[in-house]
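Quick look at coords_24.txt (compact mmCIF, C-alpha atoms):
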# COMPACT_ATOMS: atom_id res chain seq x y z
CA MET R 1 -17.94 0.47 12.28
CA ILE R 2 -19.51 2.02 9.22
CA LYS R 3 -22.76 1.54 7.38
CA ALA R 4 -23.13 1.99 3.64
CA GLU R 5 -25.93 1.34 1.19
CA ASN R 6 -23.58 -0.07 -1.44
CA PRO R 7 -19.90 -0.95 -1.93
CA TRP R 8 -19.16 2.39 -3.59
CA ASN R 9 -20.40 4.36 -0.58
CA GLY R 10 -18.45 2.03 1.69
CA ALA R 11 -15.32 2.61 -0.39
CA MET R 12 -15.78 6.36 -0.04
CA GLN R 13 -15.95 5.96 3.72
CA VAL R 14 -12.74 3.94 3.68
CA TRP R 15 -11.05 6.68 1.68
CA GLY R 16 -12.37 9.31 4.07
CA GLU R 17 -10.86 7.43 7.00
CA ALA R 18 -7.58 6.93 5.11
CA ILE R 19 -7.35 10.67 4.43
CA ARG R 20 -8.04 11.41 8.10
CA LEU R 21 -5.23 9.07 9.13
CA ILE R 22 -2.76 10.59 6.66
CA GLN R 23 -3.62 14.09 7.85
CA ALA R 24 -3.07 13.02 11.45
CA ALA R 25 0.25 11.32 10.65
CA TRP R 26 1.38 13.82 8.01
CA LEU R 27 4.97 13.89 9.28
CA GLU R 28 5.36 10.10 9.06
CA ALA R 29 3.76 10.16 5.61
CA PHE R 30 6.15 12.89 4.46
CA VAL R 31 9.20 11.05 5.81
CA TYR R 32 8.06 7.83 4.12
CA LEU R 33 7.58 9.51 0.75
CA ALA R 34 10.79 11.54 0.92
CA GLY R 35 12.84 8.56 2.09
CA THR R 36 11.57 5.98 -0.37
CA ILE R 37 11.60 8.37 -3.33
CA ALA R 38 15.17 9.45 -2.58
CA VAL R 39 16.51 5.92 -2.01
CA TRP R 40 14.88 4.26 -5.02
CA THR R 41 15.61 7.17 -7.37
CA LEU R 42 19.31 7.03 -6.46
CA ILE R 43 19.32 3.25 -6.94
CA ASP R 44 17.47 3.43 -10.26
CA LEU R 45 19.86 6.10 -11.53
CA GLU R 46 22.77 3.87 -10.42
CA VAL R 47 24.11 6.57 -8.12
CA LEU R 48 24.11 4.04 -5.27
CA GLY R 49 24.58 0.99 -7.49
CA GLU R 50 22.52 -2.19 -7.89
CA SER R 51 24.22 -3.70 -4.84
CA MET R 52 22.15 -1.30 -2.73
CA THR R 53 18.85 -2.91 -3.74
CA ILE R 54 18.64 -5.09 -0.63
CA PRO R 55 19.62 -2.25 1.77
CA GLY R 56 17.12 -0.06 -0.06
CA THR R 57 14.42 -2.66 0.53
CA VAL R 58 15.31 -2.73 4.23
CA VAL R 59 15.00 1.05 4.41
CA ASP R 60 11.65 0.84 2.63
CA VAL R 61 10.30 -1.74 5.10
CA VAL R 62 11.49 0.24 8.13
CA LEU R 63 9.95 3.46 6.83
CA ALA R 64 6.70 1.61 6.08
CA TYR R 65 6.73 0.24 9.63
CA PHE R 66 7.04 3.69 11.19
CA LEU R 67 4.40 5.03 8.81
CA THR R 68 2.03 2.26 9.93
CA ILE R 69 2.69 2.98 13.60
CA GLY R 70 2.16 6.68 12.97
CA LEU R 71 -1.19 6.06 11.28
CA LEU R 72 -2.29 3.83 14.16
CA ALA R 73 -1.06 6.03 16.99
CA LYS R 74 -2.02 9.45 15.67
CA GLY R 75 -5.25 8.04 14.29
CA GLY R 76 -6.28 7.11 17.84
CA LEU R 77 -6.15 3.36 17.23
CA LEU R 78 -3.65 2.46 19.95
CA ALA R 79 -5.60 3.34 23.06
CA ASN R 80 -4.05 0.37 24.88
CA GLY R 81 -0.60 0.91 23.44
CA LEU R 82 1.38 -0.88 20.76
CA LYS R 83 0.87 -4.64 21.07
CA GLY R 84 2.84 -6.05 18.18
CA THR R 85 6.55 -5.81 17.41
CA PHE R 86 8.58 -5.09 14.31
CA GLY R 87 9.19 -8.83 14.04
CA THR R 88 5.47 -9.51 13.80
CA TYR R 89 5.06 -6.69 11.29
CA PHE R 90 7.92 -8.08 9.20
CA LEU R 91 6.50 -11.60 9.20
CA VAL R 92 3.09 -10.33 8.11
CA SER R 93 4.79 -8.35 5.35
CA LEU R 94 6.91 -11.31 4.27
CA VAL R 95 4.16 -13.95 4.27
CA SER R 96 1.50 -11.74 2.68
CA GLY R 97 3.95 -10.26 0.18
CA ILE R 98 5.11 -13.65 -1.08
CA ALA R 99 1.57 -15.06 -1.21
CA VAL R 100 0.16 -12.03 -3.04
CA LEU R 101 3.08 -12.00 -5.49
CA VAL R 102 2.66 -15.70 -6.27
CA GLY R 103 -1.08 -15.19 -6.71
CA LEU R 104 -0.54 -12.28 -9.08
CA VAL R 105 2.07 -14.10 -11.13
CA LEU R 106 0.05 -17.30 -11.49
CA LEU R 107 -3.51 -16.15 -12.08
CA VAL R 108 -3.69 -12.46 -11.01
CA ILE R 109 -7.13 -12.83 -9.39
CA PRO R 110 -5.93 -14.88 -6.36
CA GLY R 111 -3.29 -12.22 -5.69
CA VAL R 112 -5.88 -9.45 -5.77
CA ILE R 113 -8.18 -11.39 -3.44
CA LEU R 114 -5.37 -11.97 -0.93
CA LEU R 115 -4.28 -8.33 -1.10
CA VAL R 116 -7.79 -7.10 -0.34
CA ARG R 117 -8.68 -9.67 2.32
CA TRP R 118 -5.43 -9.06 4.21
CA LEU R 119 -5.69 -5.26 4.23
CA PRO R 120 -6.38 -4.94 8.01
CA ALA R 121 -3.65 -7.45 8.93
CA TYR R 122 -1.00 -4.87 9.83
CA GLY R 123 -3.39 -3.04 12.12
CA ILE R 124 -4.36 -6.31 13.81
CA ALA R 125 -0.71 -7.36 14.16
CA LEU R 126 0.38 -4.10 15.79
CA GLY R 127 -2.79 -3.02 17.56
CA GLU R 128 -3.80 -6.36 19.04
CA ASP R 129 -2.07 -9.28 20.70
CA ALA R 130 -1.90 -11.45 17.56
CA SER R 131 0.84 -13.42 15.85
CA ALA R 132 1.59 -12.91 12.16
CA THR R 133 -0.50 -15.90 11.10
CA GLY R 134 -3.18 -14.96 13.63
CA ALA R 135 -3.36 -11.45 12.20
CA LEU R 136 -3.70 -12.75 8.66
CA GLY R 137 -6.37 -15.22 9.72
CA LYS R 138 -8.36 -12.63 11.67
CA SER R 139 -8.04 -10.19 8.77
CA TRP R 140 -9.51 -12.80 6.44
CA GLU R 141 -12.49 -13.35 8.74
CA THR R 142 -12.97 -9.64 9.42
CA THR R 143 -13.18 -8.77 5.73
CA ARG R 144 -15.62 -11.56 4.92
CA GLY R 145 -18.50 -10.17 2.88
CA VAL R 146 -16.90 -6.76 2.25
CA PHE R 147 -14.56 -7.69 -0.58
CA TRP R 148 -16.06 -5.39 -3.20
CA THR R 149 -16.11 -2.42 -0.86
CA LEU R 150 -12.42 -2.81 -0.08
CA PHE R 151 -11.58 -3.68 -3.68
CA LEU R 152 -13.15 -0.45 -4.89
CA ALA R 153 -11.20 1.45 -2.25
CA MET R 154 -8.01 -0.17 -3.59
CA VAL R 155 -8.59 0.57 -7.27
CA PHE R 156 -7.09 4.07 -7.18
CA PRO R 157 -3.76 3.17 -5.49
CA ILE R 158 -3.47 0.06 -7.67
CA LEU R 159 -3.83 2.26 -10.75
CA ILE R 160 -1.17 4.60 -9.37
CA ILE R 161 1.26 1.72 -8.92
CA ALA R 162 0.38 0.34 -12.38
CA MET R 163 1.03 3.67 -14.10
CA PRO R 164 4.81 3.06 -14.34
CA PHE R 165 4.02 0.13 -16.63
CA PHE R 166 2.15 2.38 -19.02
CA LEU R 167 4.84 5.03 -18.69
CA GLY R 168 7.37 2.32 -19.51
CA VAL R 169 5.53 1.55 -22.74
CA LEU R 170 5.64 5.24 -23.65
CA GLU R 171 9.28 5.47 -22.62
CA GLY R 172 10.14 2.49 -24.80
CA PHE R 173 8.29 4.07 -27.71
CA SER R 174 10.27 7.27 -27.18
CA GLN R 175 13.51 5.28 -27.23
CA VAL R 176 12.65 3.83 -30.62
CA THR R 177 11.44 7.15 -32.02
CA TYR R 178 13.87 9.59 -30.47
CA GLY R 179 16.75 7.36 -29.43
CA ASP R 180 19.16 9.17 -31.76
CA LEU R 181 18.70 12.45 -29.90
CA GLY R 182 21.22 11.34 -27.28
CA GLN R 183 21.15 13.74 -24.34
CA ASP R 184 17.47 14.62 -24.81
CA TYR R 185 16.50 10.97 -24.54
CA GLU R 186 18.78 10.46 -21.53
CA GLN R 187 17.02 13.33 -19.74
CA ALA R 188 13.64 11.83 -20.65
CA SER R 189 14.73 8.46 -19.27
CA THR R 190 15.87 10.07 -15.99
CA LEU R 191 12.54 11.84 -15.68
CA TYR R 192 10.75 8.55 -16.33
CA LEU R 193 12.66 6.78 -13.54
CA PHE R 194 11.90 9.58 -11.11
CA LEU R 195 8.19 9.68 -11.98
CA THR R 196 7.79 5.92 -11.64
CA THR R 197 9.44 6.03 -8.22
CA VAL R 198 7.17 8.86 -7.09
CA LEU R 199 4.08 7.01 -8.30
CA SER R 200 5.16 3.76 -6.64
CA SER R 201 5.81 5.51 -3.31
CA PHE R 202 2.48 7.35 -3.35
CA GLY R 203 0.66 4.15 -4.29
CA ALA R 204 2.33 2.16 -1.51
CA MET R 205 1.54 4.89 1.03
CA ALA R 206 -2.10 4.94 -0.10
CA ILE R 207 -2.38 1.15 0.24
CA THR R 208 -0.90 1.33 3.75
CA ALA R 209 -3.35 4.06 4.74
CA ILE R 210 -6.30 2.14 3.29
CA GLY R 211 -5.18 -0.96 5.17
CA ILE R 212 -5.13 0.88 8.50
CA ALA R 213 -8.41 2.62 7.60
CA SER R 214 -10.04 -0.76 7.00
CA TYR R 215 -8.72 -1.93 10.36
CA SER R 216 -10.12 1.19 12.00
CA LEU R 217 -13.55 0.73 10.47
CA LEU R 218 -13.74 -3.02 10.99
CA ARG R 219 -12.35 -3.38 14.51
CA ASP R 220 -15.78 -4.02 15.98
CA ARG R 221 -16.93 -6.27 13.18
CA SER R 222 -16.53 -9.42 15.24
CA GLU R 223 -19.43 -8.13 17.35
CA ALA R 224 -21.59 -6.81 14.54
CA LEU R 225 -20.69 -8.52 11.26
CA ASN R 226 -24.12 -7.98 9.74
CA THR R 227 -24.21 -4.19 10.23
CA VAL R 228 -20.84 -3.18 8.86
CA PHE R 229 -20.49 -2.05 5.24
CA GLU R 230 -24.15 -2.80 4.53
The structure in this file should be written as C-alpha cells.
Amino acid sequence: MIKAENPWNGAMQVWGEAIRLIQAAWLEAFVYLAGTIAVWTLIDLEVLGESMTIPGTVVDVVLAYFLTIGLLAKGGLLANGLKGTFGTYFLVSLVSGIAVLVGLVLLVIPGVILLVRWLPAYGIALGEDASATGALGKSWETTRGVFWTLFLAMVFPILIIAMPFFLGVLEGFSQVTYGDLGQDYEQASTLYLFLTTVLSSFGAMAITAIGIASYSLLRDRSEALNTVFE
C-alpha cells in the first residue's frame, strides 16, 4: 500500500518499487534482455530466417514468464509460494494481448486503458489462486481510481517501445538520402535493427516490472481502497 498526494508522486513510488524488483531479480532481468535481444536480432537480420518468428515468440514468452516469477519471488511477493501455473500466465498474456492490440488498432485509447488497468494481472495470476479471467477481473477492480498514477508510470516504457517507430522514420529518410552508398547504408540498417530490438526488450522488461510493482503496491487495496494512491 502506498500513499501519494498526486498521481505523479504515486507514479514515482511505482517506479521506485519497479527498480527495487529489478535489482532483486537482476539475473532474471539480464537473461531476459540477453535472450530476447539475441533471438529477435538474429531473426530481424534473417540469420535464423522468418520461419523462426513463431519459435522466437515462444522463447520470448517463456523468458518473460521466468522474469515475472523472478520479480515476484525475489521481490518477496510469494510468501505462500507460487499459486498460478504457466498455463494461467499464458492465458492472461493471450487474452490481454489480443484485447489490448484490438483496442490500440481500433481507437488507441481503449487499448491504453486496458493495458493500464490490467497491469497487476500477472502478479494476481501467479501470486494468488485466480484463473486467467479472474486475475484480469480482479486487476480491473484493484486499479479502479488509480488510472492516471499507473498511466504516468507507464509513459516512459511506452516511449521506449515507440522509439523504433521514430527511428524507422529516420532510417527510411537515410535510405532515400544515402541509399546509393551501398555498404554504408547496409551497416546503418543493421544498426537500426539492433537498436530497435534493444529498445523493445528494455521497454517490455520495464512494463513487466511496473506490472509486478503495481501488484506489490496494490495487494492490500481490497481492504483499503480509499487510502491507496491518494
Which residues are close to Ala209 of chain R, i.e. within 10 Å by only C-alpha atoms, leaving aside same-chain residues fewer than 3 positions away? Reply as a JSON list (two decimals) with C-alpha atoms, keeping the file's coordinate frame.
[["chain", "number", "residue", "atom", "x", "y", "z"],
["R", 14, "VAL", "CA", -12.74, 3.94, 3.68],
["R", 15, "TRP", "CA", -11.05, 6.68, 1.68],
["R", 17, "GLU", "CA", -10.86, 7.43, 7.00],
["R", 18, "ALA", "CA", -7.58, 6.93, 5.11],
["R", 19, "ILE", "CA", -7.35, 10.67, 4.43],
["R", 20, "ARG", "CA", -8.04, 11.41, 8.10],
["R", 21, "LEU", "CA", -5.23, 9.07, 9.13],
["R", 22, "ILE", "CA", -2.76, 10.59, 6.66],
["R", 29, "ALA", "CA", 3.76, 10.16, 5.61],
["R", 67, "LEU", "CA", 4.40, 5.03, 8.81],
["R", 68, "THR", "CA", 2.03, 2.26, 9.93],
["R", 71, "LEU", "CA", -1.19, 6.06, 11.28],
["R", 72, "LEU", "CA", -2.29, 3.83, 14.16],
["R", 119, "LEU", "CA", -5.69, -5.26, 4.23],
["R", 203, "GLY", "CA", 0.66, 4.15, -4.29],
["R", 204, "ALA", "CA", 2.33, 2.16, -1.51],
["R", 205, "MET", "CA", 1.54, 4.89, 1.03],
["R", 206, "ALA", "CA", -2.10, 4.94, -0.10],
["R", 212, "ILE", "CA", -5.13, 0.88, 8.50],
["R", 213, "ALA", "CA", -8.41, 2.62, 7.60],
["R", 214, "SER", "CA", -10.04, -0.76, 7.00],
["R", 215, "TYR", "CA", -8.72, -1.93, 10.36]]
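Minimum atom-to-atom distance to Ile37 of chain R, evaluated using all atoms listed in the file, belongs to R:Asp60 out of R:Tyr89, R:Tyr65, R:Gly75, R:Asp60.
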Tell me, as a compact mmCIF listing (two decimals) with C-alpha atoms, keeping the file's coordinate frame, which residues lie within 12 Å of Leu150 of chain R, counting only C-alpha atoms; anything in the same chain fewer than 5 positions away does not count.
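Produced file result-v5.txt, reproduced below:
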# COMPACT_ATOMS: atom_id res chain seq x y z
CA ASN R 6 -23.58 -0.07 -1.44
CA PRO R 7 -19.90 -0.95 -1.93
CA TRP R 8 -19.16 2.39 -3.59
CA ASN R 9 -20.40 4.36 -0.58
CA GLY R 10 -18.45 2.03 1.69
CA ALA R 11 -15.32 2.61 -0.39
CA MET R 12 -15.78 6.36 -0.04
CA GLN R 13 -15.95 5.96 3.72
CA VAL R 14 -12.74 3.94 3.68
CA TRP R 15 -11.05 6.68 1.68
CA VAL R 112 -5.88 -9.45 -5.77
CA ILE R 113 -8.18 -11.39 -3.44
CA LEU R 114 -5.37 -11.97 -0.93
CA LEU R 115 -4.28 -8.33 -1.10
CA VAL R 116 -7.79 -7.10 -0.34
CA ARG R 117 -8.68 -9.67 2.32
CA TRP R 118 -5.43 -9.06 4.21
CA LEU R 119 -5.69 -5.26 4.23
CA PRO R 120 -6.38 -4.94 8.01
CA THR R 142 -12.97 -9.64 9.42
CA THR R 143 -13.18 -8.77 5.73
CA ARG R 144 -15.62 -11.56 4.92
CA GLY R 145 -18.50 -10.17 2.88
CA VAL R 155 -8.59 0.57 -7.27
CA PHE R 156 -7.09 4.07 -7.18
CA PRO R 157 -3.76 3.17 -5.49
CA ILE R 207 -2.38 1.15 0.24
CA ILE R 210 -6.30 2.14 3.29
CA GLY R 211 -5.18 -0.96 5.17
CA ILE R 212 -5.13 0.88 8.50
CA ALA R 213 -8.41 2.62 7.60
CA SER R 214 -10.04 -0.76 7.00
CA TYR R 215 -8.72 -1.93 10.36
CA LEU R 217 -13.55 0.73 10.47
CA LEU R 218 -13.74 -3.02 10.99
CA PHE R 229 -20.49 -2.05 5.24
message: So that I can see what lies close to Gly81 of chain R, please list as a list in words the residues with an atom at most 9 Å from it, counting all atoms listed in the file and leaving out residues fewer than 4 positions away in the same chain.
response: Ala73, Leu77 and Gly127 of chain R
Could you save those same residues with C-alpha atoms as a compact mmCIF listing (two decimals), in the frame of the given file?
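Okay, again.txt is ready:
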# COMPACT_ATOMS: atom_id res chain seq x y z
CA ALA R 73 -1.06 6.03 16.99
CA LEU R 77 -6.15 3.36 17.23
CA GLY R 127 -2.79 -3.02 17.56
**Q.** Separation of atom CA of Phe66 of chain R from atom CA of Glu28 of chain R in Å
**A.**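 Separating atom CA of Glu28 of chain R from atom CA of Phe66 of chain R is a distance of 7.0 Å.
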Check: Which residue, R:Gly76, R:Gly35, R:Gly70, R:Gly103, has the smallest gap to Val58 of chain R when you use all atoms listed in the file?
Finding: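 Under the stated criterion, the closest residue is R:Gly35.
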Next on the checklist: As an exercise, work out the distance from atom CA of Gly123 of chain R to atom CA of Leu82 of chain R in Å and give it to one decimal place.
Outcome noted: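 Distance between the two atoms: 10.1 Å.
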Figure out the distance between atom CA of Ile124 of chain R and atom CA of Val92 of chain R, please, to one decimal in Å.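 Result for atom CA of Val92 of chain R versus atom CA of Ile124 of chain R: 10.2 Å, one decimal.
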Write out as an NGL selection string each polymer residue whose atoms come within 9 Å of Val31 of chain R, counting all atoms listed in the file; drop sequence neighbours fewer than 5 positions from it.
:R and (26 or 36 or 63 or 67)
Worksheet entry | For Leu199 of chain R: contacts at 12 Å, only C-alpha atoms, fewer than 3 positions along chain excluded, given as a PyMOL selection string | chain R and resi 33+36-37+40-41+156-167+192-196+202-206
Find, counting all atoms listed in the file, the residue in R:Leu101, R:Ile109, R:Leu45, R:Ala130 that gets nearest to Thr88 of chain R.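 Comparing R:Leu101, R:Ile109, R:Leu45, R:Ala130 against Thr88 of chain R, the winner is R:Ala130.
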* Asked: Between R:Ala79, R:Val95, R:Leu42, R:Ala34, which is the closest to Ser201 of chain R once you count all atoms listed in the file?
  ->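 Closest to Ser201 of chain R of all the choices is R:Ala34.
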(Q) Please determine, counting all atoms listed in the file, which residue among R:Phe86, R:Phe147, R:Trp140, R:Tyr32 has the shortest atom-to-atom distance to Leu126 of chain R. (A)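 Nearest to Leu126 of chain R: R:Phe86.
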Completion of segment 69-80 of chain R up to all heavy atoms, as a short mmCIF file (atom, residue, chain, number, x, y, z; two decimals), keeping the file's coordinate frame:
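Output (result26.cif):
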data_model
loop_
_atom_site.label_atom_id
_atom_site.label_comp_id
_atom_site.auth_asym_id
_atom_site.auth_seq_id
_atom_site.Cartn_x
_atom_site.Cartn_y
_atom_site.Cartn_z
N ILE R 69 2.84 2.63 12.19
CA ILE R 69 2.69 2.98 13.60
C ILE R 69 2.13 4.39 13.75
O ILE R 69 1.27 4.66 14.59
CB ILE R 69 4.04 2.85 14.34
CG1 ILE R 69 4.47 1.40 14.43
CG2 ILE R 69 3.94 3.45 15.75
CD1 ILE R 69 5.80 1.20 15.12
N GLY R 70 2.64 5.30 12.92
CA GLY R 70 2.16 6.68 12.97
C GLY R 70 0.67 6.78 12.66
O GLY R 70 -0.08 7.50 13.33
N LEU R 71 0.23 6.05 11.65
CA LEU R 71 -1.19 6.06 11.28
C LEU R 71 -2.04 5.50 12.42
O LEU R 71 -3.12 6.03 12.72
CB LEU R 71 -1.40 5.23 10.01
CG LEU R 71 -0.77 5.78 8.72
CD1 LEU R 71 -0.86 4.75 7.61
CD2 LEU R 71 -1.44 7.08 8.30
N LEU R 72 -1.55 4.44 13.06
CA LEU R 72 -2.29 3.83 14.16
C LEU R 72 -2.32 4.74 15.39
O LEU R 72 -3.39 4.99 15.97
CB LEU R 72 -1.66 2.48 14.52
CG LEU R 72 -1.87 1.32 13.56
CD1 LEU R 72 -0.92 0.18 13.88
CD2 LEU R 72 -3.32 0.84 13.61
N ALA R 73 -1.16 5.24 15.77
CA ALA R 73 -1.06 6.03 16.99
C ALA R 73 -1.76 7.38 16.87
O ALA R 73 -2.59 7.74 17.71
CB ALA R 73 0.41 6.23 17.36
N LYS R 74 -1.44 8.12 15.82
CA LYS R 74 -2.02 9.45 15.67
C LYS R 74 -3.45 9.40 15.16
O LYS R 74 -4.16 10.40 15.22
CB LYS R 74 -1.14 10.28 14.74
CG LYS R 74 0.24 10.54 15.34
CD LYS R 74 1.08 11.47 14.50
CE LYS R 74 2.40 11.75 15.20
NZ LYS R 74 3.28 12.65 14.41
N GLY R 75 -3.86 8.22 14.69
CA GLY R 75 -5.25 8.04 14.29
C GLY R 75 -6.12 7.61 15.45
O GLY R 75 -7.32 7.38 15.28
N GLY R 76 -5.52 7.48 16.64
CA GLY R 76 -6.28 7.11 17.84
C GLY R 76 -6.64 5.64 17.90
O GLY R 76 -7.64 5.29 18.53
N LEU R 77 -5.83 4.79 17.29
CA LEU R 77 -6.15 3.36 17.23
C LEU R 77 -5.29 2.52 18.17
O LEU R 77 -5.35 1.29 18.12
CB LEU R 77 -5.98 2.86 15.79
CG LEU R 77 -6.81 3.62 14.74
CD1 LEU R 77 -6.49 3.09 13.34
CD2 LEU R 77 -8.29 3.51 15.03
N LEU R 78 -4.49 3.18 19.01
CA LEU R 78 -3.65 2.46 19.95
C LEU R 78 -3.94 2.91 21.38
O LEU R 78 -3.02 3.25 22.14
CB LEU R 78 -2.16 2.66 19.61
CG LEU R 78 -1.66 2.08 18.30
CD1 LEU R 78 -0.19 2.42 18.10
CD2 LEU R 78 -1.88 0.57 18.24
N ALA R 79 -5.20 2.88 21.73
CA ALA R 79 -5.60 3.34 23.06
C ALA R 79 -4.92 2.52 24.16
O ALA R 79 -4.61 3.04 25.25
CB ALA R 79 -7.11 3.25 23.21
N ASN R 80 -4.68 1.26 23.89
CA ASN R 80 -4.05 0.37 24.88
C ASN R 80 -2.57 0.16 24.60
O ASN R 80 -1.95 -0.75 25.14
CB ASN R 80 -4.77 -0.98 24.90
CG ASN R 80 -6.21 -0.85 25.34
OD1 ASN R 80 -6.52 -0.10 26.26
ND2 ASN R 80 -7.11 -1.57 24.67
#
